[in-house]
file data_33.cif (mmCIF, C-alpha atoms and all ligand atoms)
data_protein
loop_
_atom_site.label_atom_id
_atom_site.label_comp_id
_atom_site.auth_asym_id
_atom_site.auth_seq_id
_atom_site.Cartn_x
_atom_site.Cartn_y
_atom_site.Cartn_z
CA MET Y 1013 -22.85 6.36 -1.23
CA SER Y 1014 -19.58 8.23 -0.70
CA THR Y 1015 -18.06 9.73 -3.83
CA ALA Y 1016 -14.86 10.78 -2.07
CA PRO Y 1017 -11.72 8.86 -3.12
CA ALA Y 1018 -11.35 5.63 -1.20
CA ILE Y 1019 -8.33 4.69 0.91
CA ARG Y 1020 -6.97 1.27 -0.06
CA ALA Y 1021 -4.06 -0.39 1.69
CA TYR Y 1022 -2.42 -3.69 0.67
CA LEU Y 1023 -0.06 -5.92 2.65
CA GLY Y 1024 1.85 -7.94 0.06
CA GLY Y 1025 3.33 -11.26 1.09
CA SER Y 1026 3.74 -14.97 0.61
CA PHE Y 1027 1.66 -15.77 3.71
CA ASN Y 1028 3.18 -19.23 3.86
CA PRO Y 1029 1.50 -19.41 6.33
CA VAL Y 1030 -0.25 -16.22 7.46
CA HIS Y 1031 0.73 -15.46 11.08
CA ASN Y 1032 -0.25 -13.07 13.86
CA SER Y 1033 2.22 -10.36 12.87
CA HIS Y 1034 0.65 -10.12 9.42
CA ILE Y 1035 -2.76 -9.59 10.97
CA GLN Y 1036 -1.35 -7.10 13.51
CA MET Y 1037 0.20 -5.03 10.72
CA ALA Y 1038 -2.98 -4.91 8.65
CA MET Y 1039 -5.21 -4.28 11.68
CA HIS Y 1040 -2.97 -1.50 12.93
CA VAL Y 1041 -3.19 0.24 9.57
CA PHE Y 1042 -6.95 -0.26 9.59
CA ASP Y 1043 -7.32 1.13 13.12
CA CYS Y 1044 -5.11 4.15 12.36
CA LEU Y 1045 -6.98 5.03 9.20
CA THR Y 1046 -10.52 4.41 10.41
CA PRO Y 1047 -11.04 7.83 12.08
CA ILE Y 1048 -9.62 9.64 9.04
CA ALA Y 1049 -11.83 7.69 6.64
CA ALA Y 1050 -14.88 8.28 8.85
CA GLU Y 1051 -14.23 12.00 9.18
CA GLN Y 1052 -13.71 12.41 5.44
CA GLN Y 1053 -16.54 10.00 4.55
CA ARG Y 1054 -14.21 7.81 2.54
CA VAL Y 1055 -14.34 4.07 1.99
CA LEU Y 1056 -11.47 2.28 3.75
CA GLN Y 1057 -10.26 -1.09 2.52
CA VAL Y 1058 -7.27 -2.93 3.98
CA SER Y 1059 -6.37 -6.12 2.10
CA LEU Y 1060 -3.86 -8.90 2.34
CA LEU Y 1061 -2.30 -9.38 -1.09
CA PRO Y 1062 -0.88 -12.90 -1.43
CA ASN Y 1063 1.68 -13.36 -4.17
CA ALA Y 1064 1.66 -16.37 -6.53
CA ARG Y 1065 5.33 -16.66 -5.54
CA SER Y 1066 7.71 -13.96 -4.38
CA PRO Y 1067 10.42 -13.11 -6.94
CA PHE Y 1068 12.89 -13.75 -4.10
CA LYS Y 1069 11.64 -17.25 -3.30
CA GLU Y 1070 12.13 -20.47 -5.21
CA GLN Y 1071 8.99 -22.19 -4.06
CA SER Y 1072 5.80 -21.60 -2.19
CA LEU Y 1073 2.83 -23.56 -0.95
CA ASP Y 1074 -0.14 -24.20 -3.25
CA PRO Y 1075 -2.01 -20.86 -3.59
CA ALA Y 1076 -5.31 -22.57 -2.74
CA HIS Y 1077 -3.99 -23.58 0.70
CA ARG Y 1078 -2.53 -20.12 1.37
CA LEU Y 1079 -5.81 -18.50 0.34
CA ALA Y 1080 -7.79 -20.87 2.57
CA MET Y 1081 -5.59 -19.99 5.56
CA LEU Y 1082 -5.89 -16.26 4.82
CA THR Y 1083 -9.66 -16.56 4.64
CA LEU Y 1084 -9.70 -18.22 8.05
CA ALA Y 1085 -7.30 -15.66 9.53
CA ILE Y 1086 -9.39 -12.66 8.50
CA GLN Y 1087 -12.77 -13.98 9.59
CA ASP Y 1088 -14.08 -11.76 12.40
CA THR Y 1089 -11.86 -8.90 11.19
CA PRO Y 1090 -12.64 -6.01 8.81
CA LEU Y 1091 -9.76 -7.11 6.57
CA GLN Y 1092 -10.07 -8.43 3.02
CA VAL Y 1093 -7.99 -10.64 0.73
CA SER Y 1094 -7.09 -9.49 -2.77
CA GLU Y 1095 -6.50 -12.30 -5.29
CA LEU Y 1096 -4.92 -9.90 -7.79
CA GLU Y 1097 -1.51 -11.65 -7.74
CA LEU Y 1098 -2.39 -15.12 -6.52
CA TRP Y 1099 -3.35 -16.88 -9.75
CA GLN Y 1100 -0.80 -15.26 -12.06
CA SER Y 1101 2.20 -17.19 -13.39
CA PRO Y 1102 5.07 -16.53 -10.99
CA PRO Y 1103 7.11 -14.59 -10.35
CA VAL Y 1104 4.74 -11.68 -9.94
CA TYR Y 1105 6.33 -8.26 -9.55
CA THR Y 1106 4.87 -5.68 -7.18
CA ILE Y 1107 5.50 -2.83 -9.61
CA ASP Y 1108 3.12 -4.49 -12.09
CA SER Y 1109 0.48 -4.89 -9.39
CA VAL Y 1110 0.65 -1.29 -8.20
CA ARG Y 1111 0.42 -0.10 -11.81
CA THR Y 1112 -2.70 -2.23 -12.21
CA LEU Y 1113 -4.17 -0.88 -8.98
CA ARG Y 1114 -3.42 2.72 -9.95
CA LYS Y 1115 -5.10 2.16 -13.29
CA ARG Y 1116 -8.11 0.57 -11.60
CA TYR Y 1117 -8.37 3.27 -8.92
CA PRO Y 1118 -6.92 6.44 -10.48
CA ASN Y 1119 -8.12 8.81 -7.78
CA ASP Y 1120 -7.88 6.75 -4.62
CA SER Y 1121 -5.20 6.82 -1.95
CA LEU Y 1122 -3.22 3.60 -2.43
CA ILE Y 1123 -0.86 2.32 0.26
CA PHE Y 1124 1.49 -0.67 0.06
CA ILE Y 1125 2.40 -2.13 3.47
CA MET Y 1126 5.66 -4.00 4.11
CA GLY Y 1127 8.19 -4.91 6.79
CA MET Y 1128 11.57 -3.18 7.00
CA ASP Y 1129 13.34 -6.29 5.71
CA SER Y 1130 11.37 -5.87 2.48
CA ALA Y 1131 12.00 -2.11 2.40
CA ARG Y 1132 15.75 -2.60 2.78
CA SER Y 1133 15.76 -4.75 -0.33
CA LEU Y 1134 13.73 -2.43 -2.57
CA GLU Y 1135 16.70 -1.68 -4.82
CA GLN Y 1136 16.81 -5.39 -5.72
CA TRP Y 1137 13.11 -5.49 -6.64
CA LYS Y 1138 12.00 -4.98 -10.22
CA ASP Y 1139 11.74 -1.16 -10.42
CA GLY Y 1140 11.47 -1.12 -6.63
CA LEU Y 1141 12.38 2.57 -6.37
CA GLN Y 1142 9.51 3.38 -8.72
CA LEU Y 1143 6.81 1.92 -6.46
CA THR Y 1144 6.19 5.34 -4.93
CA ASP Y 1145 5.25 6.68 -8.36
CA TYR Y 1146 2.02 4.75 -7.85
CA VAL Y 1147 1.51 4.15 -4.13
CA HIS Y 1148 2.45 5.36 -0.68
CA LEU Y 1149 4.47 2.99 1.53
CA TRP Y 1150 3.73 2.07 5.15
CA ILE Y 1151 6.77 0.30 6.57
CA PHE Y 1152 6.86 -1.62 9.85
CA ASP Y 1153 10.05 -2.12 11.82
CA ARG Y 1154 11.05 -5.76 12.06
CA ASP Y 1155 14.09 -5.60 14.34
CA ASN Y 1156 11.88 -4.29 17.12
CA ASN Y 1157 9.67 -7.39 17.32
CA VAL Y 1158 8.66 -8.57 20.78
CA ASP Y 1159 7.43 -11.77 22.35
CA TYR Y 1160 3.78 -10.98 23.01
CA SER Y 1161 3.39 -14.16 25.03
CA LEU Y 1162 5.50 -12.71 27.85
CA GLU Y 1163 3.67 -11.51 30.93
CA ASN Y 1164 3.34 -7.78 31.62
CA ASN Y 1165 4.30 -6.99 28.07
CA THR Y 1166 1.71 -4.24 27.54
CA ASN Y 1167 3.51 -1.78 29.81
CA ASN Y 1168 6.89 -2.71 28.44
CA ILE Y 1169 5.75 -2.25 24.88
CA THR Y 1170 4.19 1.14 25.58
CA GLN Y 1171 7.34 2.30 27.35
CA HIS Y 1172 9.53 0.93 24.61
CA LEU Y 1173 7.51 2.67 21.92
CA SER Y 1174 7.54 6.06 23.60
CA SER Y 1175 11.19 6.03 24.62
CA GLN Y 1176 12.86 4.79 21.50
CA ASN Y 1177 14.49 7.02 18.97
CA ILE Y 1178 13.18 6.04 15.58
CA ALA Y 1179 15.44 8.32 13.53
CA HIS Y 1180 17.84 5.44 12.86
CA LEU Y 1181 15.05 3.64 11.00
CA TYR Y 1182 14.98 6.31 8.33
CA ASN Y 1183 18.47 5.33 7.20
CA GLU Y 1184 17.33 1.79 6.54
CA VAL Y 1185 15.16 2.91 3.65
CA PRO Y 1186 17.10 3.17 0.35
CA ALA Y 1187 18.76 6.61 0.19
CA ALA Y 1188 16.91 7.56 -2.99
CA LEU Y 1189 13.59 7.30 -1.14
CA GLN Y 1190 14.50 8.96 2.17
CA GLY Y 1191 13.29 12.38 1.02
CA GLN Y 1192 9.76 10.98 0.81
CA ILE Y 1193 9.56 9.98 4.47
CA THR Y 1194 6.77 11.58 6.45
CA HIS Y 1195 6.14 11.54 10.19
CA THR Y 1196 2.42 11.18 9.97
CA PRO Y 1197 0.33 8.41 8.41
CA THR Y 1198 -2.30 11.02 7.57
CA ASP Y 1199 -0.08 12.11 4.67
CA LEU Y 1200 -0.63 8.68 3.13
CA THR Y 1201 -4.33 9.39 2.79
CA GLN Y 1202 -3.85 12.35 0.48
CA PRO Y 1203 -5.30 11.35 -2.89
CA LEU Y 1204 -2.71 11.63 -5.63
CA ASN Y 1205 -5.21 12.50 -8.28
CA GLU Y 1206 -3.24 14.74 -10.56
CA LEU Y 1207 -2.49 12.32 -13.34
CA SER Y 1208 0.36 12.96 -15.68
CA GLU Y 1209 -0.99 13.99 -19.05
CA THR Y 1210 1.56 12.69 -21.48
CA SER Y 1211 4.30 10.09 -21.28
CA GLN Y 1212 3.22 7.93 -18.35
CA PRO Y 1213 -0.54 7.94 -18.18
CA LEU Y 1214 -0.72 5.70 -15.09
CA LYS Y 1215 1.84 7.59 -13.13
CA ASN Y 1216 0.97 10.31 -10.66
CA THR Y 1217 2.73 13.61 -10.82
CA ALA Y 1218 3.12 13.57 -7.05
CA GLN Y 1219 5.49 11.08 -5.41
CA GLY Y 1220 4.11 8.75 -2.81
CA ARG Y 1221 5.06 9.33 0.79
CA ILE Y 1222 6.67 6.82 3.15
CA TYR Y 1223 5.59 6.34 6.75
CA ILE Y 1224 7.83 4.27 9.03
CA ASP Y 1225 5.88 2.72 11.87
CA PRO Y 1226 7.98 1.87 14.94
CA ARG Y 1227 5.20 -0.18 16.58
CA PRO Y 1228 6.57 -3.49 17.86
CA LEU Y 1229 4.96 -6.58 16.36
CA THR Y 1230 5.07 -10.20 17.40
CA ALA Y 1231 8.49 -11.70 16.85
CA VAL Y 1232 7.68 -14.35 14.28
CA SER Y 1233 8.27 -15.28 10.66
CA SER Y 1234 6.60 -17.85 8.43
CA THR Y 1235 10.00 -19.52 8.06
CA GLN Y 1236 10.16 -20.02 11.82
CA ILE Y 1237 6.67 -21.53 11.83
CA ARG Y 1238 7.48 -23.93 8.98
CA GLN Y 1239 10.65 -24.98 10.77
CA GLN Y 1240 8.87 -25.55 14.08
CA LEU Y 1241 6.17 -27.62 12.41
CA GLN Y 1242 8.79 -29.75 10.74
CA ILE Y 1243 10.59 -30.31 14.04
CA CYS Y 1244 7.28 -31.44 15.55
CA ASN Y 1245 6.86 -33.89 12.74
CA THR Y 1246 10.31 -35.35 13.01
CA THR Y 1247 10.28 -35.84 16.78
CA THR Y 1248 8.20 -38.26 18.78
CA ASP Y 1249 6.94 -35.35 20.86
CA ASN Y 1250 3.53 -34.71 19.36
CA GLN Y 1251 2.49 -31.98 21.79
CA PRO Y 1252 0.88 -28.92 20.25
CA SER Y 1253 3.97 -26.95 19.37
CA SER Y 1254 4.92 -23.40 20.24
CA VAL Y 1255 3.59 -22.32 16.83
CA THR Y 1256 0.11 -22.12 18.30
CA LYS Y 1257 1.00 -18.78 19.90
CA TRP Y 1258 1.83 -17.32 16.48
CA LEU Y 1259 -1.18 -18.59 14.55
CA ASN Y 1260 -4.91 -18.08 14.50
CA PRO Y 1261 -6.28 -21.36 16.00
CA THR Y 1262 -8.35 -22.03 12.86
CA VAL Y 1263 -5.23 -21.66 10.71
CA TYR Y 1264 -3.34 -24.05 13.00
CA ARG Y 1265 -6.16 -26.60 12.70
CA TYR Y 1266 -6.13 -26.20 8.90
CA ILE Y 1267 -2.38 -26.89 8.83
CA ILE Y 1268 -2.77 -30.00 10.96
CA THR Y 1269 -5.81 -31.29 9.04
CA HIS Y 1270 -4.08 -30.88 5.69
CA GLN Y 1271 -0.69 -32.01 7.01
CA LEU Y 1272 1.02 -28.95 5.59
CA TYR Y 1273 4.70 -28.21 6.06
CA SER Y 1274 5.55 -31.73 7.18
CA ALA Y 1275 8.11 -32.01 4.39
CA VAL Y 1276 9.36 -28.42 4.13
N1 LIG H 1301 7.16 -10.02 12.39
C1 LIG H 1301 7.13 -9.12 11.40
N2 LIG H 1301 7.46 -7.83 11.63
C2 LIG H 1301 7.43 -6.90 10.63
N3 LIG H 1301 7.13 -7.20 9.35
C3 LIG H 1301 6.80 -8.46 9.06
C4 LIG H 1301 6.77 -9.48 10.06
N4 LIG H 1301 6.39 -10.64 9.47
C5 LIG H 1301 6.21 -10.36 8.16
N5 LIG H 1301 6.45 -9.07 7.91
C6 LIG H 1301 6.36 -8.38 6.60
O1 LIG H 1301 5.15 -8.80 5.99
C7 LIG H 1301 5.33 -8.90 4.57
C8 LIG H 1301 4.89 -10.26 4.10
O2 LIG H 1301 5.71 -11.20 4.77
P1 LIG H 1301 5.86 -12.72 4.35
O3 LIG H 1301 4.56 -13.28 3.91
O4 LIG H 1301 7.03 -12.89 3.47
O5 LIG H 1301 6.14 -13.30 5.82
P2 LIG H 1301 7.50 -13.72 6.48
O6 LIG H 1301 7.17 -14.05 7.88
O7 LIG H 1301 8.57 -12.69 6.23
O8 LIG H 1301 7.78 -15.03 5.64
P3 LIG H 1301 9.12 -15.86 5.37
O9 LIG H 1301 9.74 -16.16 6.70
O10 LIG H 1301 8.61 -17.07 4.64
O11 LIG H 1301 9.99 -14.97 4.50
C9 LIG H 1301 6.83 -8.63 4.30
O12 LIG H 1301 6.95 -7.30 3.83
C10 LIG H 1301 7.48 -8.80 5.66
O13 LIG H 1301 8.57 -7.93 5.81
O1 LIG H 1302 8.57 -6.99 -7.25
C1 LIG H 1302 9.62 -7.48 -6.81
O2 LIG H 1302 10.67 -7.51 -7.46
C2 LIG H 1302 9.56 -8.10 -5.42
C3 LIG H 1302 10.68 -8.73 -4.88
C4 LIG H 1302 10.59 -9.29 -3.61
C5 LIG H 1302 9.38 -9.22 -2.91
N1 LIG H 1302 8.32 -8.59 -3.48
C6 LIG H 1302 7.05 -8.52 -2.74
O3 LIG H 1302 7.26 -8.23 -1.38
C7 LIG H 1302 6.26 -8.87 -0.58
C8 LIG H 1302 6.95 -9.71 0.48
O4 LIG H 1302 7.72 -10.68 -0.20
P1 LIG H 1302 8.36 -11.94 0.52
O5 LIG H 1302 9.56 -12.28 -0.32
O6 LIG H 1302 8.71 -11.49 1.92
O7 LIG H 1302 7.31 -13.01 0.51
C9 LIG H 1302 5.41 -9.70 -1.55
O8 LIG H 1302 4.26 -8.95 -1.88
C10 LIG H 1302 6.30 -9.85 -2.75
O9 LIG H 1302 5.59 -10.01 -3.97
C11 LIG H 1302 8.39 -8.04 -4.69
#

call {"tool": "encode", "arguments": {"input": "data_33.cif", "output": "structure tokens"}}
result
Amino acid sequence: MSTAPAIRAYLGGSFNPVHNSHIQMAMHVFDCLTPIAAEQQRVLQVSLLPNARSPFKEQSLDPAHRLAMLTLAIQDTPLQVSELELWQSPPVYTIDSVRTLRKRYPNDSLIFIMGMDSARSLEQWKDGLQLTDYVHLWIFDRDNNVDYSLENNTNNITQHLSSQNIAHLYNEVPAALQGQITHTPTDLTQPLNELSETSQPLKNTAQGRIYIDPRPLTAVSSTQIRQQLQICNTTTDNQPSSVTKWLNPTVYRYIITHQLYSAV
């Protein structure tokens, strides 16, 4: 068994419901880190981390339903689901979770994954600027989302990715964190294993690094899916709605079977 520090990445979210962009983000991180983990003989774990309820949201769907949909969405993938936050009394704060994870895995490389809309709001999170005392951040652009259902999109996406200037994205991260931005995700796999000796025993002496990933993802949000499902319910048109292109088919079937989101 490998004794080298593991690499553990977590995509935090409400997953209400989990959609294709969530899986794309987690899978992209997994695919990027796989060769590094293999070369260094390190365990790699990429998990979806559903919150009991986001501090920014007033309500959420029953955690049991969200967990069931996540379990369906990750079948046939190497991804995992962490229930660390799911059964706590809401709101659950990310800073508390990353402290717990750092305590649990003092020597491992820990990465928290988020979209740029979340990153922009970090100053409003509880101790949001302190997250990088415990974890690295992997941030995906959200304004660059594309419609993956369009024909010939592969070439367009590749061209788009190579031609765009991503420097403007750096300014979207809170100013206090911009000095921690790195251009390579490999930096996020450096174990931060020099623990502080005195005042903050969980805290690493090194600051986490921040990687901004310009990769376009599917243009979708859970809000959009909930809205579309509600429209389907309130119209006589009972055709399978456009949401099917954003959801794993088993998740869509689960939503229909359990009549979720009909009264959102
Ligand atoms: N299409 C997307 N592109 C980039 N990041 C995304 C995308 N969808 C979700 N994320 C990110 O994934 C994380 C978890 O998202 P969350 O579960 O809140 O989904 P959401 O689609 O933003 O939901 P809602 O519309 O209910 O707010 C957040 O950090 C969010 O920024
Ligand atoms: O800790 C906070 O103060 C905080 C405030 C807003 C959001 N978050 C986390 O950010 C992730 C995405 O949240 P949301 O609101 O998009 O569902 C999820 O893991 C939340 O727990 C965390």

call {"tool": "closest_residue", "arguments": {"input": "data_33.cif", "among": "Y:Asp1129, Y:Asp1139, Y:Asp1159, Y:Asp1145", "to": "ligand LIG 1301 (chain H)", "atoms": "only C-alpha atoms and all ligand atoms"}}
result
Y:Asp1129

call {"tool": "residues_near_ligand", "arguments": {"input": "data_33.cif", "ligand": "ligand LIG 1301 (chain H)", "cutoff": "7 Å", "atoms": "only C-alpha atoms and all ligand atoms", "output": "PDB file with C-alpha atoms, in the frame of the given file"}}
result
ATOM      1  CA  LEU Y1023      -0.060  -5.920   2.650  1.00  0.00           C
ATOM      2  CA  GLY Y1024       1.850  -7.940   0.060  1.00  0.00           C
ATOM      3  CA  GLY Y1025       3.330 -11.260   1.090  1.00  0.00           C
ATOM      4  CA  SER Y1026       3.740 -14.970   0.610  1.00  0.00           C
ATOM      5  CA  PHE Y1027       1.660 -15.770   3.710  1.00  0.00           C
ATOM      6  CA  ASN Y1028       3.180 -19.230   3.860  1.00  0.00           C
ATOM      7  CA  VAL Y1030      -0.250 -16.220   7.460  1.00  0.00           C
ATOM      8  CA  SER Y1033       2.220 -10.360  12.870  1.00  0.00           C
ATOM      9  CA  HIS Y1034       0.650 -10.120   9.420  1.00  0.00           C
ATOM     10  CA  ILE Y1125       2.400  -2.130   3.470  1.00  0.00           C
ATOM     11  CA  MET Y1126       5.660  -4.000   4.110  1.00  0.00           C
ATOM     12  CA  GLY Y1127       8.190  -4.910   6.790  1.00  0.00           C
ATOM     13  CA  MET Y1128      11.570  -3.180   7.000  1.00  0.00           C
ATOM     14  CA  ASP Y1129      13.340  -6.290   5.710  1.00  0.00           C
ATOM     15  CA  SER Y1130      11.370  -5.870   2.480  1.00  0.00           C
ATOM     16  CA  PHE Y1152       6.860  -1.620   9.850  1.00  0.00           C
ATOM     17  CA  ASP Y1153      10.050  -2.120  11.820  1.00  0.00           C
ATOM     18  CA  ARG Y1154      11.050  -5.760  12.060  1.00  0.00           C
ATOM     19  CA  ASN Y1157       9.670  -7.390  17.320  1.00  0.00           C
ATOM     20  CA  LEU Y1229       4.960  -6.580  16.360  1.00  0.00           C
ATOM     21  CA  THR Y1230       5.070 -10.200  17.400  1.00  0.00           C
ATOM     22  CA  ALA Y1231       8.490 -11.700  16.850  1.00  0.00           C
ATOM     23  CA  VAL Y1232       7.680 -14.350  14.280  1.00  0.00           C
ATOM     24  CA  SER Y1233       8.270 -15.280  10.660  1.00  0.00           C
ATOM     25  CA  SER Y1234       6.600 -17.850   8.430  1.00  0.00           C
ATOM     26  CA  THR Y1235      10.000 -19.520   8.060  1.00  0.00           C
ATOM     27  CA  GLN Y1236      10.160 -20.020  11.820  1.00  0.00           C
TER      28      GLN Y1236
END

call {"tool": "atom_distance", "arguments": {"input": "data_33.cif", "atom1": "atom CA of Y:Lys1069", "atom2": "atom CA of Y:Pro1103"}}
result
8.8 Å

call {"tool": "atom_distance", "arguments": {"input": "data_33.cif", "atom1": "atom CA of Y:Glu1097", "atom2": "atom CA of Y:Ala1064"}}
result
5.8 Å

call {"tool": "residues_near_ligand", "arguments": {"input": "data_33.cif", "ligand": "ligand LIG 1302 (chain H)", "cutoff": "6 Å", "atoms": "all atoms listed in the file", "output": "PyMOL selection string"}}
result
chain Y and resi 1024-1026+1063+1066-1068+1105-1107+1137-1138

call {"tool": "residues_around", "arguments": {"input": "data_33.cif", "residues": "Y:Thr1112", "least_positions_apart": "6", "cutoff": "10 Å", "atoms": "all atoms listed in the file", "output": "PDB file with C-alpha atoms, in the coordinates of the input"}}
result
ATOM      1  CA  LEU Y1096      -4.920  -9.900  -7.790  1.00  0.00           C
ATOM      2  CA  THR Y1106       4.870  -5.680  -7.180  1.00  0.00           C
ATOM      3  CA  PRO Y1118      -6.920   6.440 -10.480  1.00  0.00           C
ATOM      4  CA  TYR Y1146       2.020   4.750  -7.850  1.00  0.00           C
ATOM      5  CA  LEU Y1214      -0.720   5.700 -15.090  1.00  0.00           C
TER       6      LEU Y1214
END

call {"tool": "atom_distance", "arguments": {"input": "data_33.cif", "atom1": "atom CA of Y:Cys1044", "atom2": "atom CA of Y:Thr1083"}}
result
22.6 Å

call {"tool": "closest_residue", "arguments": {"input": "data_33.cif", "among": "Y:Gln1240, Y:Pro1029, Y:Gln1057, Y:Asn1119", "to": "Y:Leu1079", "atoms": "all atoms listed in the file"}}
result
Y:Pro1029

call {"tool": "axis_aligned_box", "arguments": {"input": "data_33.cif", "around": "stretch 1034-1039 of chain Y", "padding_each_side": "6 Å", "output": "JSON"}}
result
{"center_x": -2.3, "center_y": -7.2, "center_z": 11.1, "size_x": 17.9, "size_y": 17.8, "size_z": 16.9}

call {"tool": "residues_around", "arguments": {"input": "data_33.cif", "residues": "stretch 1186-1198 of chain Y", "least_positions_apart": "5", "cutoff": "12 Å", "atoms": "only C-alpha atoms", "output": "PyMOL selection string"}}
result
chain Y and resi 1019+1021+1040-1049+1052+1121+1123+1125+1128-1137+1140-1145+1147-1151+1178-1181+1203+1218-1226

call {"tool": "closest_residue", "arguments": {"input": "data_33.cif", "among": "Y:Thr1256, Y:Thr1262, Y:Thr1015, Y:Gln1092", "to": "Y:Leu1061", "atoms": "all atoms listed in the file"}}
result
Y:Gln1092

call {"tool": "residues_around", "arguments": {"input": "data_33.cif", "residues": "Y:Ser1254", "least_positions_apart": "2", "cutoff": "10 Å", "atoms": "only C-alpha atoms", "output": "VMD selection string"}}
result
chain Y and resid 1237 1240 to 1241 1244 1251 to 1252 1256 to 1259

call {"tool": "closest_residue", "arguments": {"input": "data_33.cif", "among": "Y:Asn1156, Y:Thr1201, Y:Ser1072, Y:Ser1101", "to": "Y:Arg1227", "atoms": "all atoms listed in the file"}}
result
Y:Asn1156

call {"tool": "build_atoms", "arguments": {"input": "data_33.cif", "residues": "stretch 1050-1062 of chain Y", "atoms": "N, CA and C atoms", "output": "compact mmCIF listing (two decimals), in the frame of the given file"}}
result
# COMPACT_ATOMS: atom_id res chain seq x y z
N ALA Y 1050 -13.53 7.93 8.37
CA ALA Y 1050 -14.88 8.28 8.85
C ALA Y 1050 -15.09 9.79 8.75
N GLU Y 1051 -14.09 10.54 9.19
CA GLU Y 1051 -14.23 12.00 9.18
C GLU Y 1051 -14.40 12.54 7.76
N GLN Y 1052 -13.66 11.92 6.82
CA GLN Y 1052 -13.71 12.41 5.44
C GLN Y 1052 -14.74 11.66 4.59
N GLN Y 1053 -15.51 10.79 5.24
CA GLN Y 1053 -16.54 10.00 4.55
C GLN Y 1053 -15.97 9.26 3.35
N ARG Y 1054 -14.87 8.57 3.62
CA ARG Y 1054 -14.21 7.81 2.54
C ARG Y 1054 -14.27 6.33 2.86
N VAL Y 1055 -14.40 5.52 1.82
CA VAL Y 1055 -14.34 4.07 1.99
C VAL Y 1055 -12.92 3.69 2.38
N LEU Y 1056 -12.80 2.78 3.35
CA LEU Y 1056 -11.47 2.28 3.75
C LEU Y 1056 -11.44 0.77 3.52
N GLN Y 1057 -10.40 0.33 2.81
CA GLN Y 1057 -10.26 -1.09 2.52
C GLN Y 1057 -8.82 -1.48 2.81
N VAL Y 1058 -8.62 -2.44 3.71
CA VAL Y 1058 -7.27 -2.93 3.98
C VAL Y 1058 -7.25 -4.42 3.60
N SER Y 1059 -6.37 -4.76 2.66
CA SER Y 1059 -6.37 -6.12 2.10
C SER Y 1059 -5.02 -6.79 2.25
N LEU Y 1060 -5.06 -8.10 2.43
CA LEU Y 1060 -3.86 -8.90 2.34
C LEU Y 1060 -3.72 -9.32 0.87
N LEU Y 1061 -2.52 -9.17 0.35
CA LEU Y 1061 -2.30 -9.38 -1.09
C LEU Y 1061 -1.31 -10.53 -1.28
N PRO Y 1062 -1.80 -11.77 -1.29
CA PRO Y 1062 -0.88 -12.90 -1.43
C PRO Y 1062 -0.29 -13.00 -2.85
